[in-house]
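Asker: The following file, query26.cif, comprises mmCIF, C-alpha atoms:
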```cif
data_input
loop_
_atom_site.label_atom_id
_atom_site.label_comp_id
_atom_site.auth_asym_id
_atom_site.auth_seq_id
_atom_site.Cartn_x
_atom_site.Cartn_y
_atom_site.Cartn_z
CA MET F 1 -17.35 -56.70 24.60
CA ASP F 2 -19.93 -56.62 27.41
CA TRP F 3 -23.73 -56.87 27.18
CA LYS F 4 -24.23 -53.10 27.47
CA GLU F 5 -22.07 -52.54 24.40
CA LEU F 6 -23.98 -55.24 22.52
CA GLU F 7 -27.27 -53.63 23.54
CA GLU F 8 -26.09 -50.29 22.16
CA ILE F 9 -25.11 -51.93 18.87
CA SER F 10 -28.50 -53.67 18.78
CA LEU F 11 -30.24 -50.32 19.10
CA ASP F 12 -28.19 -48.94 16.20
CA VAL F 13 -29.08 -52.01 14.13
CA ARG F 14 -32.79 -51.58 14.83
CA ARG F 15 -32.58 -47.96 13.66
CA ASP F 16 -30.77 -49.12 10.51
CA ILE F 17 -33.54 -51.65 9.78
CA ILE F 18 -36.26 -49.00 9.95
CA LYS F 19 -34.29 -46.53 7.84
CA MET F 20 -33.41 -49.12 5.20
CA VAL F 21 -36.91 -50.47 4.61
CA ALA F 22 -38.44 -46.99 4.77
CA GLU F 23 -35.95 -45.66 2.21
CA ALA F 24 -36.49 -48.67 -0.07
CA LYS F 25 -40.26 -48.60 0.48
CA SER F 26 -40.04 -52.39 0.71
CA GLY F 27 -38.43 -55.11 2.78
CA HIS F 28 -39.05 -57.26 5.84
CA PRO F 29 -38.83 -55.36 9.12
CA GLY F 30 -40.72 -57.73 11.45
CA GLY F 31 -38.47 -60.78 11.25
CA SER F 32 -35.36 -58.62 11.03
CA LEU F 33 -36.16 -56.86 14.30
CA SER F 34 -36.79 -60.19 16.04
CA ALA F 35 -33.32 -61.52 15.12
CA VAL F 36 -31.19 -58.50 16.10
CA GLU F 37 -29.66 -59.79 19.34
CA ILE F 38 -28.84 -63.16 17.79
CA LEU F 39 -26.87 -61.69 14.88
CA VAL F 40 -25.23 -58.97 16.98
CA TYR F 41 -24.03 -61.61 19.44
CA LEU F 42 -22.72 -63.89 16.71
CA TYR F 43 -20.81 -61.23 14.80
CA PHE F 44 -19.55 -59.09 17.67
CA LYS F 45 -18.92 -61.73 20.33
CA ARG F 46 -18.98 -65.32 19.10
CA MET F 47 -17.78 -65.92 15.56
CA ARG F 48 -14.16 -66.20 14.51
CA ILE F 49 -14.09 -63.87 11.50
CA ASP F 50 -11.91 -61.24 9.83
CA PRO F 51 -13.89 -58.51 8.01
CA GLU F 52 -10.71 -57.45 6.17
CA ASN F 53 -10.32 -61.01 4.87
CA PRO F 54 -13.87 -62.33 4.36
CA ASP F 55 -12.64 -65.50 2.64
CA TRP F 56 -10.21 -66.49 5.40
CA PRO F 57 -10.26 -70.33 5.21
CA ASP F 58 -10.44 -70.83 8.99
CA ARG F 59 -13.32 -68.44 9.59
CA ASP F 60 -16.59 -69.49 11.19
CA ARG F 61 -19.51 -69.48 8.76
CA PHE F 62 -23.04 -68.06 9.03
CA VAL F 63 -25.93 -68.87 6.70
CA LEU F 64 -29.09 -66.74 6.73
CA SER F 65 -31.63 -69.40 5.80
CA LYS F 66 -34.55 -66.98 6.33
CA GLY F 67 -33.08 -64.97 3.49
CA HIS F 68 -35.67 -62.19 3.51
CA ALA F 69 -34.23 -60.87 6.82
CA THR F 70 -31.46 -59.01 5.02
CA PRO F 71 -32.05 -55.64 6.76
CA VAL F 72 -30.66 -57.01 10.03
CA PHE F 73 -27.98 -59.03 8.22
CA TYR F 74 -26.65 -56.10 6.18
CA SER F 75 -26.68 -53.74 9.13
CA VAL F 76 -24.66 -56.17 11.24
CA LEU F 77 -22.21 -56.90 8.42
CA ALA F 78 -21.69 -53.17 7.82
CA ARG F 79 -21.25 -52.32 11.48
CA ARG F 80 -18.80 -55.21 11.86
CA GLY F 81 -16.71 -53.76 9.03
CA PHE F 82 -17.39 -55.95 5.99
CA PHE F 83 -18.48 -52.89 4.01
CA SER F 84 -19.35 -49.25 4.67
CA THR F 85 -22.52 -48.27 6.50
CA ASP F 86 -22.83 -45.61 3.77
CA LEU F 87 -24.16 -48.40 1.54
CA LEU F 88 -27.15 -49.20 3.78
CA PRO F 89 -29.43 -46.53 2.19
CA THR F 90 -28.93 -48.30 -1.18
CA PHE F 91 -30.83 -51.34 0.11
CA ARG F 92 -32.94 -52.92 -2.67
CA LYS F 93 -31.98 -50.23 -5.19
CA THR F 94 -30.89 -50.96 -8.75
CA GLY F 95 -27.17 -51.64 -8.94
CA SER F 96 -26.72 -52.00 -5.18
CA ILE F 97 -24.83 -54.94 -3.66
CA LEU F 98 -27.51 -55.00 -0.95
CA GLN F 99 -30.49 -56.63 -2.62
CA GLY F 100 -33.61 -58.02 -0.98
CA HIS F 101 -32.04 -61.45 -0.54
CA PRO F 102 -28.34 -62.06 0.13
CA SER F 103 -25.98 -62.80 -2.75
CA TYR F 104 -22.74 -64.70 -2.21
CA LEU F 105 -21.41 -63.29 -5.49
CA GLU F 106 -21.99 -59.63 -4.66
CA THR F 107 -21.88 -58.93 -0.93
CA PRO F 108 -18.79 -59.26 1.30
CA GLY F 109 -19.44 -61.49 4.31
CA VAL F 110 -22.30 -63.45 2.73
CA GLU F 111 -21.56 -67.19 2.69
CA ALA F 112 -24.59 -68.37 0.69
CA SER F 113 -27.23 -66.93 -1.63
CA THR F 114 -30.53 -67.67 0.08
CA GLY F 115 -34.16 -66.66 -0.16
CA SER F 116 -35.97 -69.80 -1.29
CA LEU F 117 -37.11 -70.87 2.15
CA GLY F 118 -36.00 -74.24 3.46
CA GLN F 119 -32.65 -74.48 1.68
CA GLY F 120 -30.29 -72.84 4.17
CA LEU F 121 -30.00 -75.77 6.56
CA SER F 122 -28.95 -78.07 3.70
CA ILE F 123 -26.32 -75.52 2.66
CA ALA F 124 -25.05 -75.25 6.23
CA ASN F 125 -24.91 -79.05 6.46
CA GLY F 126 -22.70 -79.16 3.39
CA ILE F 127 -20.33 -76.53 4.76
CA ALA F 128 -20.14 -78.31 8.12
CA LEU F 129 -19.56 -81.71 6.50
CA ALA F 130 -16.79 -80.22 4.35
CA GLY F 131 -15.17 -78.94 7.53
CA LYS F 132 -15.26 -82.43 9.01
CA ILE F 133 -13.77 -84.00 5.86
CA ASP F 134 -11.06 -81.34 5.61
CA LYS F 135 -10.33 -81.58 9.36
CA LYS F 136 -11.03 -77.87 9.88
CA ASP F 137 -12.13 -76.55 13.26
CA TYR F 138 -14.47 -73.80 12.04
CA HIS F 139 -18.08 -73.74 13.27
CA VAL F 140 -21.16 -73.22 11.12
CA TYR F 141 -24.20 -71.24 12.26
CA VAL F 142 -27.53 -71.06 10.45
CA LEU F 143 -30.60 -68.94 11.25
CA LEU F 144 -34.02 -70.41 10.44
CA GLY F 145 -37.50 -68.90 10.61
CA ASP F 146 -40.33 -70.75 12.34
CA GLY F 147 -42.55 -70.31 9.29
CA GLU F 148 -39.69 -71.63 7.20
CA ILE F 149 -39.59 -74.97 9.00
CA GLU F 150 -42.92 -75.81 7.35
CA GLU F 151 -40.73 -76.67 4.34
CA GLY F 152 -40.05 -80.40 3.99
CA GLU F 153 -36.40 -79.92 3.04
CA ILE F 154 -35.73 -78.64 6.56
CA TRP F 155 -36.60 -82.02 8.03
CA GLU F 156 -34.59 -83.93 5.43
CA ALA F 157 -31.63 -81.72 6.32
CA SER F 158 -32.22 -82.22 10.03
CA MET F 159 -31.93 -85.99 9.55
CA SER F 160 -28.73 -85.57 7.52
CA ALA F 161 -27.13 -83.35 10.16
CA HIS F 162 -27.72 -86.04 12.78
CA ARG F 163 -26.67 -88.86 10.45
CA PHE F 164 -23.28 -87.25 9.84
CA GLY F 165 -22.77 -86.20 13.48
CA LEU F 166 -22.38 -82.51 12.63
CA ASP F 167 -21.44 -81.21 16.07
CA ASN F 168 -19.72 -78.29 14.29
CA LEU F 169 -23.17 -77.05 13.27
CA THR F 170 -25.46 -74.87 15.39
CA ALA F 171 -28.88 -73.87 14.09
CA ILE F 172 -30.89 -71.04 15.61
CA LEU F 173 -34.65 -70.94 15.19
CA ASP F 174 -36.15 -67.44 15.32
CA ASN F 175 -39.37 -68.50 17.04
CA ASN F 176 -41.55 -65.38 16.94
CA ASN F 177 -44.63 -67.52 16.04
CA LEU F 178 -45.64 -65.24 13.16
CA GLN F 179 -45.29 -65.60 9.41
CA ILE F 180 -46.58 -63.62 6.45
CA ASP F 181 -50.17 -64.93 6.76
CA GLY F 182 -50.53 -64.91 10.55
CA ARG F 183 -49.72 -67.14 13.52
CA VAL F 184 -47.48 -70.08 12.70
CA ASP F 185 -49.45 -72.41 14.98
CA ARG F 186 -52.66 -71.62 13.07
CA ILE F 187 -51.21 -72.11 9.59
CA MET F 188 -49.05 -75.25 9.73
CA ASP F 189 -48.50 -75.98 13.43
CA PRO F 190 -44.87 -77.08 14.03
CA TYR F 191 -45.16 -77.51 17.79
CA PRO F 192 -43.86 -78.98 20.06
CA LEU F 193 -40.56 -77.74 18.65
CA GLU F 194 -38.25 -79.08 21.34
CA ASP F 195 -39.66 -82.61 21.15
CA LYS F 196 -39.48 -82.70 17.34
CA TRP F 197 -35.87 -81.57 17.06
CA ARG F 198 -34.83 -83.98 19.81
CA ALA F 199 -36.63 -86.78 17.97
CA PHE F 200 -34.55 -85.94 14.90
CA GLY F 201 -31.38 -86.41 16.93
CA TRP F 202 -30.45 -82.86 17.83
CA HIS F 203 -29.29 -81.38 21.11
CA VAL F 204 -31.95 -78.73 21.88
CA ILE F 205 -31.72 -75.56 23.96
CA SER F 206 -34.60 -73.08 24.48
CA ILE F 207 -33.87 -69.45 25.33
CA ASN F 208 -35.17 -65.90 25.37
CA GLY F 209 -33.77 -64.71 22.05
CA HIS F 210 -33.47 -61.12 23.27
CA SER F 211 -31.37 -61.89 26.38
CA PHE F 212 -27.62 -61.78 25.83
CA ASP F 213 -27.08 -63.78 29.02
CA GLU F 214 -29.23 -66.62 27.69
CA ILE F 215 -27.87 -66.35 24.14
CA HIS F 216 -24.30 -66.57 25.44
CA GLY F 217 -25.07 -69.56 27.65
CA ALA F 218 -26.73 -71.41 24.77
CA PHE F 219 -23.82 -70.97 22.38
CA GLU F 220 -21.34 -72.00 25.07
CA GLU F 221 -23.37 -75.18 25.61
CA ALA F 222 -23.57 -75.80 21.86
CA LEU F 223 -19.80 -75.71 21.47
CA LYS F 224 -19.42 -78.26 24.27
CA THR F 225 -21.94 -80.66 22.69
CA LYS F 226 -20.26 -83.51 20.84
CA GLY F 227 -21.57 -86.09 18.39
CA LYS F 228 -24.71 -84.26 17.31
CA PRO F 229 -25.81 -80.85 15.98
CA THR F 230 -27.41 -78.27 18.26
CA MET F 231 -30.69 -76.44 17.76
CA ILE F 232 -31.16 -73.23 19.75
CA ILE F 233 -34.85 -72.32 19.86
CA ALA F 234 -34.84 -68.56 20.42
CA HIS F 235 -38.22 -67.30 21.61
CA THR F 236 -38.49 -63.81 20.15
CA ILE F 237 -40.94 -60.99 19.44
CA LYS F 238 -41.64 -60.12 15.83
CA GLY F 239 -41.06 -56.39 15.32
CA LYS F 240 -39.16 -56.15 18.63
CA GLY F 241 -38.55 -52.57 19.76
CA VAL F 242 -41.26 -50.85 17.71
CA SER F 243 -44.61 -50.80 19.49
CA PHE F 244 -46.89 -50.90 16.46
CA MET F 245 -44.86 -53.68 14.82
CA GLU F 246 -44.50 -55.97 17.82
CA ASN F 247 -46.45 -59.24 17.52
CA ASN F 248 -48.14 -57.95 14.36
CA TYR F 249 -47.77 -60.24 11.33
CA LYS F 250 -48.80 -57.42 8.98
CA TRP F 251 -45.28 -56.02 9.37
CA HIS F 252 -43.68 -59.22 8.09
CA GLY F 253 -42.97 -57.75 4.66
CA LYS F 254 -44.22 -54.16 4.67
CA ALA F 255 -42.26 -50.92 4.92
CA PRO F 256 -43.42 -48.04 7.12
CA ASP F 257 -44.26 -44.75 5.47
CA ARG F 258 -42.35 -41.63 6.44
CA GLU F 259 -44.58 -40.76 9.38
CA LEU F 260 -44.49 -44.26 10.86
CA ALA F 261 -40.75 -44.54 10.28
CA GLU F 262 -40.23 -41.33 12.26
CA LYS F 263 -42.43 -42.71 15.02
CA ALA F 264 -40.44 -45.94 15.10
CA LEU F 265 -37.11 -44.10 15.20
CA LYS F 266 -38.35 -41.93 18.04
CA GLU F 267 -39.18 -45.09 20.03
CA LEU F 268 -35.68 -46.38 19.28
CA SER F 269 -33.92 -43.18 20.31
#
```
Re-express the file's structure as structure tokens.

Answerer:
Amino acid sequence: MDWKELEEISLDVRRDIIKMVAEAKSGHPGGSLSAVEILVYLYFKRMRIDPENPDWPDRDRFVLSKGHATPVFYSVLARRGFFSTDLLPTFRKTGSILQGHPSYLETPGVEASTGSLGQGLSIANGIALAGKIDKKDYHVYVLLGDGEIEEGEIWEASMSAHRFGLDNLTAILDNNNLQIDGRVDRIMDPYPLEDKWRAFGWHVISINGHSFDEIHGAFEEALKTKGKPTMIIAHTIKGKGVSFMENNYKWHGKAPDRELAEKALKELS
């Protein structure tokens, strides 16, 4: 699958995100839109998976640590064939398998129930360590938010990943520099990110998180890195693709009304 095909899928996913949160009248569009290319690349190009057999023992694993970004996650899972796209309009509705945070027990393709920020990296560590112990060759991917890394558990997990030499683990940091209350660097400044992750023993790569060329190169480099985990710092734009949402923290966890949803979809046409 070439980059043009992935770009077309990404556009479909962005439309899904807007429709889902508008229909539900709740959800998190900003950080979902910033992570589109990363998830599309992983599920349509990189990961070894079988949507018809979600529990295949040799599959690669993905953990959505920033668990509120389910609109992008569900859209990608549906379009990859884990369940029907007809279910997307049921997002956050009573009885739906597509709730506001992912559930391992309910949703095909979900590896871990997440939502309490800071826990996903620890979960991914455990899955990666199990792979090492069981001598499996699957790879584990985990997506973190830059506001999320203000949680102390992230840094405990980062030390553990290095301590156990988890080179079968690749973390991706969605670095859009915005969280629910505003700019990350004005709330609990985590910078310089590259220096900190290197100091914790990780191989670090910085990329434009919306460029498939750079995304591809980073994951290729990660797979060749031995003896330590890899952190890919993906510089992204919150609300990417929708003019009034881009770089605007107020769209972290707010749904557009009907008029604004139509405006957004027109921009994404």

Asker: With all atoms listed in the file as the basis for distance, which of F:Gly100, F:Gly30, F:Pro71, F:Gly147 is at the shortest distance from Asp181 (chain F)?

Answerer: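 Distance minimum relative to Asp181 (chain F) lands on F:Gly147.
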
Asker: Box for region 13-28 of chain F: with edges along x, y and z, all listed atoms inside and 6 Å added on each side, what are the centre and edge lengths in Å to one decimal, as lines of an AutoDock Vina configuration file?

Answerer:
```
center_x = -34.7
center_y = -51.5
center_z = 7.4
size_x = 23.2
size_y = 23.6
size_z = 26.9
```

Asker: From the options F:Ile232, F:Leu33, F:Leu260, F:Val13, which residue's atoms come nearest to Phe244 (chain F), counting all atoms listed in the file?

Answerer: F:Leu260

Asker: I need the output of the PyMOL selection byres ((chain F and resi 103) around 12) for this file as a list in words; which residues are they?

Answerer: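 Against this file, the PyMOL selection byres ((chain F and resi 103) around 12) returns the residues Val63, Leu64, Gly67, His68, Thr70, Phe73, Tyr74, Ser96, Ile97, Leu98, Gln99, Gly100, His101, Pro102, Tyr104, Leu105, Glu106, Thr107, Pro108, Gly109, Val110, Glu111, Ala112, Ser113, Thr114 and Gly115 of chain F.
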
Asker: Next, write the just-selected residues to a file, as an mmCIF file, in the frame of the given file, keeping C-alpha atoms as the atom set.

Answerer:
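part-v2.cif, freshly written:
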```
data_model
loop_
_atom_site.group_PDB
_atom_site.id
_atom_site.type_symbol
_atom_site.label_atom_id
_atom_site.label_comp_id
_atom_site.auth_asym_id
_atom_site.auth_seq_id
_atom_site.Cartn_x
_atom_site.Cartn_y
_atom_site.Cartn_z
ATOM 1 C CA VAL F 63 -25.930 -68.870 6.700
ATOM 2 C CA LEU F 64 -29.090 -66.740 6.730
ATOM 3 C CA GLY F 67 -33.080 -64.970 3.490
ATOM 4 C CA HIS F 68 -35.670 -62.190 3.510
ATOM 5 C CA THR F 70 -31.460 -59.010 5.020
ATOM 6 C CA PHE F 73 -27.980 -59.030 8.220
ATOM 7 C CA TYR F 74 -26.650 -56.100 6.180
ATOM 8 C CA SER F 96 -26.720 -52.000 -5.180
ATOM 9 C CA ILE F 97 -24.830 -54.940 -3.660
ATOM 10 C CA LEU F 98 -27.510 -55.000 -0.950
ATOM 11 C CA GLN F 99 -30.490 -56.630 -2.620
ATOM 12 C CA GLY F 100 -33.610 -58.020 -0.980
ATOM 13 C CA HIS F 101 -32.040 -61.450 -0.540
ATOM 14 C CA PRO F 102 -28.340 -62.060 0.130
ATOM 15 C CA TYR F 104 -22.740 -64.700 -2.210
ATOM 16 C CA LEU F 105 -21.410 -63.290 -5.490
ATOM 17 C CA GLU F 106 -21.990 -59.630 -4.660
ATOM 18 C CA THR F 107 -21.880 -58.930 -0.930
ATOM 19 C CA PRO F 108 -18.790 -59.260 1.300
ATOM 20 C CA GLY F 109 -19.440 -61.490 4.310
ATOM 21 C CA VAL F 110 -22.300 -63.450 2.730
ATOM 22 C CA GLU F 111 -21.560 -67.190 2.690
ATOM 23 C CA ALA F 112 -24.590 -68.370 0.690
ATOM 24 C CA SER F 113 -27.230 -66.930 -1.630
ATOM 25 C CA THR F 114 -30.530 -67.670 0.080
ATOM 26 C CA GLY F 115 -34.160 -66.660 -0.160
#
```

Asker: My list of candidates is F:Leu143, F:Ile237, F:Leu121, F:Leu6. Which is closest to Ala69 (chain F) when distances are computed with all atoms listed in the file?

Answerer: F:Leu143

Asker: Between CA of Arg15 (chain F) and CA of Leu268 (chain F), what is the spacing in Å?

Answerer: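 Distance reported for this atom pair: 6.6 Å.
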
Asker: Quick one: which residues end up in the PyMOL selection byres ((chain F and resi 32) around 10) for this structure, as a JSON list (two decimals) with C-alpha atoms, keeping the file's coordinate frame?

Answerer:
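Result written to out-v1.json:
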```json
[["chain", "number", "residue", "atom", "x", "y", "z"],
["F", 13, "VAL", "CA", -29.08, -52.01, 14.13],
["F", 14, "ARG", "CA", -32.79, -51.58, 14.83],
["F", 17, "ILE", "CA", -33.54, -51.65, 9.78],
["F", 18, "ILE", "CA", -36.26, -49.00, 9.95],
["F", 27, "GLY", "CA", -38.43, -55.11, 2.78],
["F", 28, "HIS", "CA", -39.05, -57.26, 5.84],
["F", 29, "PRO", "CA", -38.83, -55.36, 9.12],
["F", 30, "GLY", "CA", -40.72, -57.73, 11.45],
["F", 31, "GLY", "CA", -38.47, -60.78, 11.25],
["F", 33, "LEU", "CA", -36.16, -56.86, 14.30],
["F", 34, "SER", "CA", -36.79, -60.19, 16.04],
["F", 35, "ALA", "CA", -33.32, -61.52, 15.12],
["F", 36, "VAL", "CA", -31.19, -58.50, 16.10],
["F", 39, "LEU", "CA", -26.87, -61.69, 14.88],
["F", 66, "LYS", "CA", -34.55, -66.98, 6.33],
["F", 68, "HIS", "CA", -35.67, -62.19, 3.51],
["F", 69, "ALA", "CA", -34.23, -60.87, 6.82],
["F", 70, "THR", "CA", -31.46, -59.01, 5.02],
["F", 71, "PRO", "CA", -32.05, -55.64, 6.76],
["F", 72, "VAL", "CA", -30.66, -57.01, 10.03],
["F", 73, "PHE", "CA", -27.98, -59.03, 8.22],
["F", 174, "ASP", "CA", -36.15, -67.44, 15.32],
["F", 238, "LYS", "CA", -41.64, -60.12, 15.83],
["F", 239, "GLY", "CA", -41.06, -56.39, 15.32],
["F", 240, "LYS", "CA", -39.16, -56.15, 18.63],
["F", 252, "HIS", "CA", -43.68, -59.22, 8.09],
["F", 253, "GLY", "CA", -42.97, -57.75, 4.66]]
```

Asker: Quick check, in Å to one decimal: how far apart do CA of Lys19 (chain F) and CA of Lys263 (chain F) lie?

Answerer: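 Between CA of Lys19 (chain F) and CA of Lys263 (chain F) the gap is 11.5 Å.
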
Asker: Apply the PyMOL selection byres ((chain F and resi 46-59) around 9) to the displayed file and report the matching residues as a list in words.

Answerer: Tyr41, Leu42, Tyr43, Phe44, Lys45, Asp60, Arg61, Phe62, Leu77, Arg80, Gly81, Phe82, Phe83, Pro108, Gly109, Val110, Lys136, Asp137, Tyr138, His139, Tyr141, His216 and Phe219 of chain F

Asker: Near Asp185 (chain F), counting all atoms listed in the file, which residues have an atom at most 12 Å away, once you skip same-chain residues fewer than 6 positions from it, shown as an MDAnalysis selection string?

Answerer: chainID F and resid 146:147 149:150 175:179 191:193

Asker: Per residue of region 69-156 of chain F within 12 Å of region 199-207 of chain F, which atom pair is closest and at what distance in Å (one decimal), using all atoms listed in the file, listed by chain and increasing number, as a tab-separated table?

Answerer:
```
residue	atom	partner	partner_atom	distance
F:Ile154	CA	F:Phe200	CA	11.1
F:Trp155	CA	F:Phe200	CA	8.2
F:Glu156	CA	F:Phe200	CA	9.7
```

Asker: If I take CA of Leu173 (chain F) and CA of Ser75 (chain F), how far is one from the other in Å, to one decimal?

Answerer: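 Separation of CA of Leu173 (chain F) and CA of Ser75 (chain F): 19.9 Å.
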
Asker: With distances taken over all atoms listed in the file, which residue among F:Ala264, F:Val21, F:Pro229, F:Leu223 lies nearest Pro89 (chain F)?

Answerer: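 Selected residue with least distance to Pro89 (chain F): F:Val21.
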